[in-house]
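Asks: Got a structure for you, coords-v2.csv, holding CSV, N, CA and C atoms.
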```
chain,number,residue,atom,x,y,z
P,1,MET,N,18.8,-4.3,0.1
P,1,MET,CA,18.4,-3.5,1.2
P,1,MET,C,18.4,-4.3,2.5
P,2,ILE,N,18.0,-5.6,2.5
P,2,ILE,CA,18.0,-6.4,3.7
P,2,ILE,C,19.5,-6.6,4.1
P,3,ALA,N,20.4,-6.9,3.2
P,3,ALA,CA,21.8,-7.1,3.6
P,3,ALA,C,22.3,-5.8,4.2
P,4,TYR,N,22.0,-4.6,3.7
P,4,TYR,CA,22.4,-3.4,4.3
P,4,TYR,C,21.9,-3.3,5.7
P,5,LEU,N,20.6,-3.5,5.9
P,5,LEU,CA,20.0,-3.4,7.3
P,5,LEU,C,20.6,-4.4,8.2
P,6,LEU,N,21.0,-5.6,7.8
P,6,LEU,CA,21.6,-6.6,8.7
P,6,LEU,C,23.0,-6.2,9.0
P,7,ARG,N,23.7,-5.5,8.2
P,7,ARG,CA,25.1,-5.0,8.5
P,7,ARG,C,25.1,-3.8,9.3
P,8,HIS,N,24.1,-3.0,9.3
P,8,HIS,CA,24.0,-1.7,10.0
P,8,HIS,C,22.7,-1.7,10.9
P,9,PRO,N,22.7,-2.5,12.0
P,9,PRO,CA,21.5,-2.6,12.7
P,9,PRO,C,21.1,-1.3,13.5
P,10,LEU,N,19.7,-1.1,13.6
P,10,LEU,CA,19.2,0.0,14.4
P,10,LEU,C,18.9,-0.6,15.8
P,11,ALA,N,18.7,0.3,16.7
P,11,ALA,CA,18.4,-0.1,18.1
P,11,ALA,C,16.9,-0.4,18.3
P,12,VAL,N,16.5,-1.5,17.8
P,12,VAL,CA,15.1,-1.9,17.9
P,12,VAL,C,15.1,-3.4,18.4
P,13,PRO,N,14.2,-3.7,19.4
P,13,PRO,CA,14.1,-5.0,19.9
P,13,PRO,C,13.8,-6.0,18.8
P,14,TYR,N,14.4,-7.2,18.9
P,14,TYR,CA,14.1,-8.3,17.9
P,14,TYR,C,14.4,-7.8,16.5
P,15,TYR,N,15.4,-7.0,16.3
P,15,TYR,CA,15.7,-6.3,15.0
P,15,TYR,C,15.9,-7.3,13.9
P,16,TYR,N,16.7,-8.3,14.1
P,16,TYR,CA,17.0,-9.3,13.0
P,16,TYR,C,15.8,-10.1,12.6
P,17,VAL,N,14.9,-10.4,13.5
P,17,VAL,CA,13.7,-11.1,13.2
P,17,VAL,C,12.8,-10.2,12.4
P,18,LEU,N,12.7,-8.9,12.9
P,18,LEU,CA,11.9,-7.9,12.2
P,18,LEU,C,12.3,-7.7,10.8
P,19,VAL,N,13.6,-7.6,10.5
P,19,VAL,CA,14.2,-7.4,9.2
P,19,VAL,C,13.9,-8.6,8.3
P,20,GLY,N,14.0,-9.8,8.9
P,20,GLY,CA,13.7,-11.0,8.1
P,20,GLY,C,12.3,-11.1,7.7
P,21,VAL,N,11.4,-10.8,8.6
P,21,VAL,CA,10.0,-10.9,8.4
P,21,VAL,C,9.6,-9.8,7.4
P,22,LEU,N,10.0,-8.6,7.6
P,22,LEU,CA,9.7,-7.5,6.6
P,22,LEU,C,10.3,-7.8,5.3
P,23,GLY,N,11.5,-8.3,5.2
P,23,GLY,CA,12.1,-8.6,3.9
P,23,GLY,C,11.4,-9.7,3.2
P,24,ALA,N,11.0,-10.7,3.9
P,24,ALA,CA,10.2,-11.8,3.2
P,24,ALA,C,8.9,-11.3,2.7
P,25,THR,N,8.2,-10.5,3.6
P,25,THR,CA,6.9,-9.9,3.2
P,25,THR,C,7.0,-9.0,2.0
P,26,ALA,N,8.1,-8.2,2.0
P,26,ALA,CA,8.3,-7.2,0.9
P,26,ALA,C,8.5,-8.0,-0.4
P,27,LEU,N,9.4,-9.0,-0.3
P,27,LEU,CA,9.7,-9.8,-1.5
P,27,LEU,C,8.4,-10.5,-2.1
P,28,LEU,N,7.7,-11.1,-1.2
P,28,LEU,CA,6.5,-11.9,-1.6
P,28,LEU,C,5.4,-10.9,-2.1
P,29,ALA,N,5.2,-9.8,-1.4
P,29,ALA,CA,4.1,-8.9,-1.9
P,29,ALA,C,4.5,-8.2,-3.2
P,30,SER,N,5.8,-7.9,-3.4
P,30,SER,CA,6.2,-7.2,-4.6
P,30,SER,C,6.0,-8.1,-5.8
P,31,ASN,N,6.3,-9.4,-5.6
P,31,ASN,CA,6.1,-10.4,-6.7
P,31,ASN,C,4.7,-10.6,-7.0
P,32,LEU,N,3.8,-10.6,-5.9
P,32,LEU,CA,2.4,-10.9,-6.1
P,32,LEU,C,1.7,-9.8,-6.8
P,33,VAL,N,2.2,-8.5,-6.8
P,33,VAL,CA,1.5,-7.4,-7.5
P,33,VAL,C,1.4,-7.8,-9.0
P,34,SER,N,2.5,-8.2,-9.6
P,34,SER,CA,2.5,-8.5,-11.0
P,34,SER,C,1.7,-9.8,-11.3
P,35,TYR,N,2.0,-10.8,-10.4
P,35,TYR,CA,1.3,-12.1,-10.6
P,35,TYR,C,-0.2,-12.0,-10.5
P,36,THR,N,-0.7,-11.3,-9.6
P,36,THR,CA,-2.2,-11.2,-9.5
P,36,THR,C,-2.8,-10.6,-10.7
P,37,GLY,N,-2.1,-9.5,-11.2
P,37,GLY,CA,-2.7,-8.9,-12.4
P,37,GLY,C,-2.7,-9.8,-13.6
P,38,ALA,N,-1.6,-10.5,-13.8
P,38,ALA,CA,-1.5,-11.4,-14.9
P,38,ALA,C,-2.5,-12.6,-14.8
P,39,ARG,N,-2.6,-13.1,-13.6
P,39,ARG,CA,-3.5,-14.3,-13.4
P,39,ARG,C,-4.9,-13.9,-13.5
P,40,ALA,N,-5.3,-12.8,-12.9
P,40,ALA,CA,-6.7,-12.3,-13.0
P,40,ALA,C,-7.1,-12.0,-14.5
P,41,GLY,N,-6.1,-11.5,-15.2
P,41,GLY,CA,-6.4,-11.2,-16.7
P,41,GLY,C,-6.6,-12.5,-17.4
P,42,GLU,N,-5.8,-13.6,-17.1
P,42,GLU,CA,-6.0,-14.9,-17.8
P,42,GLU,C,-7.4,-15.5,-17.4
P,43,LEU,N,-7.8,-15.3,-16.2
P,43,LEU,CA,-9.1,-15.8,-15.8
P,43,LEU,C,-10.3,-14.9,-16.1
P,44,GLY,N,-10.0,-13.8,-16.7
P,44,GLY,CA,-11.1,-12.9,-17.1
P,44,GLY,C,-11.8,-12.2,-15.9
P,45,LEU,N,-11.1,-12.1,-14.8
P,45,LEU,CA,-11.7,-11.4,-13.6
P,45,LEU,C,-11.4,-9.9,-13.7
P,46,PRO,N,-12.4,-9.1,-13.2
P,46,PRO,CA,-12.2,-7.7,-13.3
P,46,PRO,C,-11.2,-7.2,-12.3
P,47,LEU,N,-10.4,-6.2,-12.7
P,47,LEU,CA,-9.4,-5.7,-11.8
P,47,LEU,C,-9.5,-4.2,-11.7
P,48,PRO,N,-9.0,-3.6,-10.7
P,48,PRO,CA,-9.0,-2.1,-10.6
P,48,PRO,C,-8.2,-1.6,-11.8
P,49,PRO,N,-8.4,-0.3,-12.2
P,49,PRO,CA,-7.7,0.2,-13.4
P,49,PRO,C,-6.2,0.2,-13.2
P,50,LYS,N,-5.5,0.1,-14.3
P,50,LYS,CA,-4.1,0.2,-14.2
P,50,LYS,C,-3.6,1.6,-14.5
P,51,PRO,N,-2.5,2.0,-14.2
P,51,PRO,CA,-1.5,1.3,-13.4
P,51,PRO,C,-1.8,1.4,-11.9
P,52,THR,N,-1.3,0.5,-11.1
P,52,THR,CA,-1.6,0.5,-9.7
P,52,THR,C,-0.6,1.4,-9.0
P,53,LEU,N,-0.9,1.8,-7.8
P,53,LEU,CA,0.1,2.7,-7.0
P,53,LEU,C,1.2,1.8,-6.5
P,54,ALA,N,1.1,0.5,-6.6
P,54,ALA,CA,2.2,-0.3,-6.2
P,54,ALA,C,3.0,-0.9,-7.4
P,55,SER,N,3.0,-0.2,-8.4
P,55,SER,CA,3.7,-0.7,-9.6
P,55,SER,C,5.2,-0.8,-9.4
P,56,LYS,N,5.8,-1.4,-10.4
P,56,LYS,CA,7.3,-1.6,-10.4
P,56,LYS,C,8.0,-0.3,-10.2
P,57,GLY,N,7.5,0.7,-10.9
P,57,GLY,CA,8.2,2.0,-10.9
P,57,GLY,C,8.1,2.7,-9.5
P,58,THR,N,7.0,2.5,-8.8
P,58,THR,CA,6.8,3.0,-7.5
P,58,THR,C,7.7,2.3,-6.5
P,59,ARG,N,7.8,1.0,-6.6
P,59,ARG,CA,8.7,0.2,-5.7
P,59,ARG,C,10.1,0.6,-6.0
P,60,THR,N,10.5,0.8,-7.2
P,60,THR,CA,11.9,1.1,-7.6
P,60,THR,C,12.2,2.5,-7.0
P,61,THR,N,11.3,3.4,-7.2
P,61,THR,CA,11.5,4.8,-6.7
P,61,THR,C,11.7,4.8,-5.2
P,62,ALA,N,10.9,4.0,-4.4
P,62,ALA,CA,11.1,3.9,-3.0
P,62,ALA,C,12.5,3.4,-2.6
P,63,MET,N,13.0,2.5,-3.4
P,63,MET,CA,14.4,2.0,-3.1
P,63,MET,C,15.4,3.0,-3.4
P,64,VAL,N,15.3,3.7,-4.5
P,64,VAL,CA,16.3,4.7,-4.9
P,64,VAL,C,16.2,5.9,-4.0
P,65,VAL,N,15.1,6.4,-3.6
P,65,VAL,CA,15.0,7.5,-2.6
P,65,VAL,C,15.6,7.1,-1.3
P,66,ALA,N,15.3,5.8,-0.8
P,66,ALA,CA,16.0,5.3,0.4
P,66,ALA,C,17.5,5.3,0.3
P,67,ALA,N,18.0,4.9,-0.8
P,67,ALA,CA,19.4,4.9,-1.0
P,67,ALA,C,20.0,6.3,-1.0
P,68,LEU,N,19.4,7.2,-1.6
P,68,LEU,CA,19.9,8.6,-1.6
P,68,LEU,C,19.7,9.3,-0.3
P,69,ALA,N,18.7,8.9,0.5
P,69,ALA,CA,18.4,9.5,1.8
P,69,ALA,C,19.3,8.9,2.9
P,70,THR,N,19.9,7.8,2.7
P,70,THR,CA,20.6,7.1,3.8
P,70,THR,C,21.7,8.0,4.4
P,71,PRO,N,22.5,8.7,3.7
P,71,PRO,CA,23.5,9.5,4.4
P,71,PRO,C,22.9,10.6,5.3
P,72,LEU,N,21.7,11.1,5.0
P,72,LEU,CA,21.0,12.1,5.8
P,72,LEU,C,20.2,11.4,6.9
P,73,TRP,N,19.6,10.3,6.7
P,73,TRP,CA,18.7,9.6,7.6
P,73,TRP,C,19.0,8.1,7.5
P,74,PRO,N,19.8,7.6,8.5
P,74,PRO,CA,20.2,6.2,8.4
P,74,PRO,C,19.1,5.2,8.5
P,75,ALA,N,17.9,5.6,8.9
P,75,ALA,CA,16.8,4.6,9.0
P,75,ALA,C,16.0,4.6,7.7
P,76,ALA,N,16.4,5.3,6.7
P,76,ALA,CA,15.7,5.4,5.4
P,76,ALA,C,15.5,4.0,4.8
P,77,PRO,N,16.5,3.1,4.8
P,77,PRO,CA,16.3,1.7,4.2
P,77,PRO,C,15.2,1.0,5.0
P,78,ALA,N,15.2,1.1,6.3
P,78,ALA,CA,14.2,0.5,7.1
P,78,ALA,C,12.8,1.0,6.8
P,79,ALA,N,12.7,2.3,6.6
P,79,ALA,CA,11.4,2.9,6.2
P,79,ALA,C,10.9,2.4,4.9
P,80,ALA,N,11.9,2.3,3.9
P,80,ALA,CA,11.6,1.8,2.6
P,80,ALA,C,11.1,0.3,2.6
P,81,LEU,N,11.8,-0.5,3.5
P,81,LEU,CA,11.5,-1.9,3.6
P,81,LEU,C,10.1,-2.0,4.2
P,82,LEU,N,9.8,-1.2,5.2
P,82,LEU,CA,8.4,-1.2,5.8
P,82,LEU,C,7.4,-0.9,4.7
P,83,TYR,N,7.7,0.2,3.9
P,83,TYR,CA,6.7,0.5,2.8
P,83,TYR,C,6.6,-0.6,1.9
P,84,LEU,N,7.7,-1.2,1.5
P,84,LEU,CA,7.6,-2.3,0.5
P,84,LEU,C,6.9,-3.6,1.0
P,85,ALA,N,6.9,-3.7,2.3
P,85,ALA,CA,6.2,-4.8,2.9
P,85,ALA,C,4.7,-4.6,3.0
P,86,LEU,N,4.3,-3.3,3.3
P,86,LEU,CA,2.9,-3.0,3.6
P,86,LEU,C,2.1,-2.6,2.3
P,87,HIS,N,2.6,-1.7,1.6
P,87,HIS,CA,1.9,-1.1,0.5
P,87,HIS,C,1.6,-2.1,-0.7
P,88,PRO,N,2.6,-2.8,-1.2
P,88,PRO,CA,2.2,-3.8,-2.2
P,88,PRO,C,1.3,-4.9,-1.7
P,89,GLY,N,1.5,-5.3,-0.4
P,89,GLY,CA,0.6,-6.3,0.2
P,89,GLY,C,-0.8,-5.8,0.2
P,90,ALA,N,-1.0,-4.6,0.6
P,90,ALA,CA,-2.3,-4.0,0.6
P,90,ALA,C,-2.9,-3.9,-0.8
P,91,ALA,N,-2.1,-3.6,-1.8
P,91,ALA,CA,-2.6,-3.5,-3.1
P,91,ALA,C,-3.0,-4.9,-3.6
P,92,VAL,N,-2.3,-5.9,-3.3
P,92,VAL,CA,-2.6,-7.3,-3.7
P,92,VAL,C,-3.9,-7.7,-3.0
P,93,GLY,N,-4.0,-7.4,-1.7
P,93,GLY,CA,-5.3,-7.7,-1.0
P,93,GLY,C,-6.5,-7.0,-1.6
P,94,TYR,N,-6.3,-5.7,-2.0
P,94,TYR,CA,-7.4,-5.0,-2.6
P,94,TYR,C,-7.8,-5.6,-3.9
P,95,ARG,N,-6.8,-6.0,-4.7
P,95,ARG,CA,-7.0,-6.6,-6.0
P,95,ARG,C,-7.8,-7.9,-5.9
P,96,LEU,N,-7.4,-8.7,-4.9
P,96,LEU,CA,-8.1,-10.0,-4.6
P,96,LEU,C,-9.5,-9.7,-4.2
P,97,TYR,N,-9.7,-8.8,-3.3
P,97,TYR,CA,-11.0,-8.4,-2.8
P,97,TYR,C,-11.9,-8.0,-4.0
P,98,ARG,N,-11.4,-7.1,-4.8
P,98,ARG,CA,-12.2,-6.7,-6.0
P,98,ARG,C,-12.5,-7.8,-7.0
P,99,ALA,N,-11.5,-8.7,-7.2
P,99,ALA,CA,-11.7,-9.8,-8.1
P,99,ALA,C,-12.8,-10.8,-7.6
P,100,LEU,N,-12.7,-11.0,-6.3
P,100,LEU,CA,-13.7,-12.0,-5.7
P,100,LEU,C,-15.1,-11.3,-5.6
P,101,ARG,N,-15.1,-10.1,-5.4
P,101,ARG,CA,-16.4,-9.4,-5.3
P,101,ARG,C,-17.1,-9.3,-6.7
P,102,GLY,N,-16.2,-9.2,-7.8
P,102,GLY,CA,-16.7,-9.1,-9.1
P,102,GLY,C,-17.0,-10.4,-9.8
P,103,ARG,N,-16.8,-11.5,-9.1
P,103,ARG,CA,-17.0,-12.8,-9.7
P,103,ARG,C,-18.5,-13.1,-9.8
P,104,SER,N,-18.9,-13.8,-10.8
P,104,SER,CA,-20.3,-14.1,-11.0
P,104,SER,C,-20.6,-15.6,-10.9
P,105,ASP,N,-20.0,-16.2,-9.9
P,105,ASP,CA,-20.3,-17.7,-9.7
P,105,ASP,C,-21.6,-17.9,-9.1
```
Write out the structure in this file as structure tokens.

Replies:
Amino acid sequence: MIAYLLRHPLAVPYYYVLVGVLGATALLASNLVSYTGARAGELGLPLPPKPTLASKGTRTTAMVVAALATPLWPAAPAAALLYLALHPGAAVGYRLYRALRGRSD
């Protein structure tokens, strides 16, 4: 998705920096969704009930819908990248908050 957006730029100031930051954030947050769940389980920390709204299926669906919508709306990959940067990051933040709040140290 990042390669597509870099090849077909939108008219947005600092576009390449924005795509790079959103791409890195999306990659990091998407990986942390699974990692935080596994790590908290190992440590015996309480987590919100599964499945999360930021699961692998949801992230994959966002990418597929963006790919299918691109001929009708060229900004669809940018919207999907924004979603993938914000939503999984918020889910990870919420998991960490719940885990820290539930600790009994």

Asks: Quick one: pull the distance between atom CA of P:Leu45 and atom CA of P:Asn31, Å, one decimal.

Replies: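 Rounded to one decimal, the two atoms are 19.1 Å apart.
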
Asks: Tell me which of P:Arg101, P:Ala78, P:His87, P:Ala69 sits closest to P:Val33, counting only C-alpha atoms.

Replies: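 Looking at the shortest contact to P:Val33, the residue is P:His87.
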
Asks: Using DSSP secondary structure from the backbone, list all helix (DSSP H, G or I) positions within chain P, as a ChimeraX atom specification.

Replies: /P:2-7,15-43,56-69,76-102

Asks: Kindly indicate which residue among P:Ala80, P:Arg7, P:Ala75, P:Tyr16 lies nearest to P:Met63, using all atoms listed in the file for the distances.

Replies: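 Looking at the shortest contact to P:Met63, the residue is P:Ala80.
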
Asks: How far is it from atom CA of P:Ser55 to atom CA of P:Leu32, in Å with one decimal?

Replies: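 Taking atom CA of P:Ser55 as the start and atom CA of P:Leu32 as the end point, the length is 10.9 Å.
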
Asks: Which one is closest to P:Ala24: P:Ala76, P:Met1, P:Val12, P:Ala62? Count only C-alpha atoms.

Replies: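 Nearest candidate to P:Ala24 out of P:Ala76, P:Met1, P:Val12, P:Ala62: P:Met1.
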
Asks: One decimal, Å: what's the distance from atom C of P:Ala66 over to atom N of P:Leu96, could you say?

Replies: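 Result for atom C of P:Ala66 versus atom N of P:Leu96: 29.0 Å, one decimal.
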
Asks: With distances taken over all atoms listed in the file, which of P:Leu22, P:Ala99, P:Pro74, P:Thr60 is nearest to P:Leu10?

Replies: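 Among the listed residues, P:Pro74 lies closest to P:Leu10.
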
Asks: Residues near P:Gly37, anyone? I mean within 9 Å using only C-alpha atoms, not counting same-chain ones fewer than 5 positions away, as a list of chain:residue names.

Replies: P:Leu32, P:Glu42, P:Leu47, P:Val92, P:Arg95

Asks: Take the residues that were just selected and, keeping N, CA and C atoms, output them as a CSV table (one decimal), keeping the file's coordinate frame.

Replies:
```csv
chain,number,residue,atom,x,y,z
P,32,LEU,N,3.8,-10.6,-5.9
P,32,LEU,CA,2.4,-10.9,-6.1
P,32,LEU,C,1.7,-9.8,-6.8
P,42,GLU,N,-5.8,-13.6,-17.1
P,42,GLU,CA,-6.0,-14.9,-17.8
P,42,GLU,C,-7.4,-15.5,-17.4
P,47,LEU,N,-10.4,-6.2,-12.7
P,47,LEU,CA,-9.4,-5.7,-11.8
P,47,LEU,C,-9.5,-4.2,-11.7
P,92,VAL,N,-2.3,-5.9,-3.3
P,92,VAL,CA,-2.6,-7.3,-3.7
P,92,VAL,C,-3.9,-7.7,-3.0
P,95,ARG,N,-6.8,-6.0,-4.7
P,95,ARG,CA,-7.0,-6.6,-6.0
P,95,ARG,C,-7.8,-7.9,-5.9
```

Asks: With all atoms listed in the file as the atoms that count, which of P:Leu53, P:Ala40, P:Leu28, P:Ala11 lies nearest to P:Ala85?

Replies: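 Under the stated criterion, the closest residue is P:Leu28.
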
Asks: Between P:Leu43, P:Ile2, P:Arg98, P:Lys56, which is the closest to P:Thr25 once you count only C-alpha atoms?

Replies: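 The closest residue to P:Thr25 is P:Ile2.
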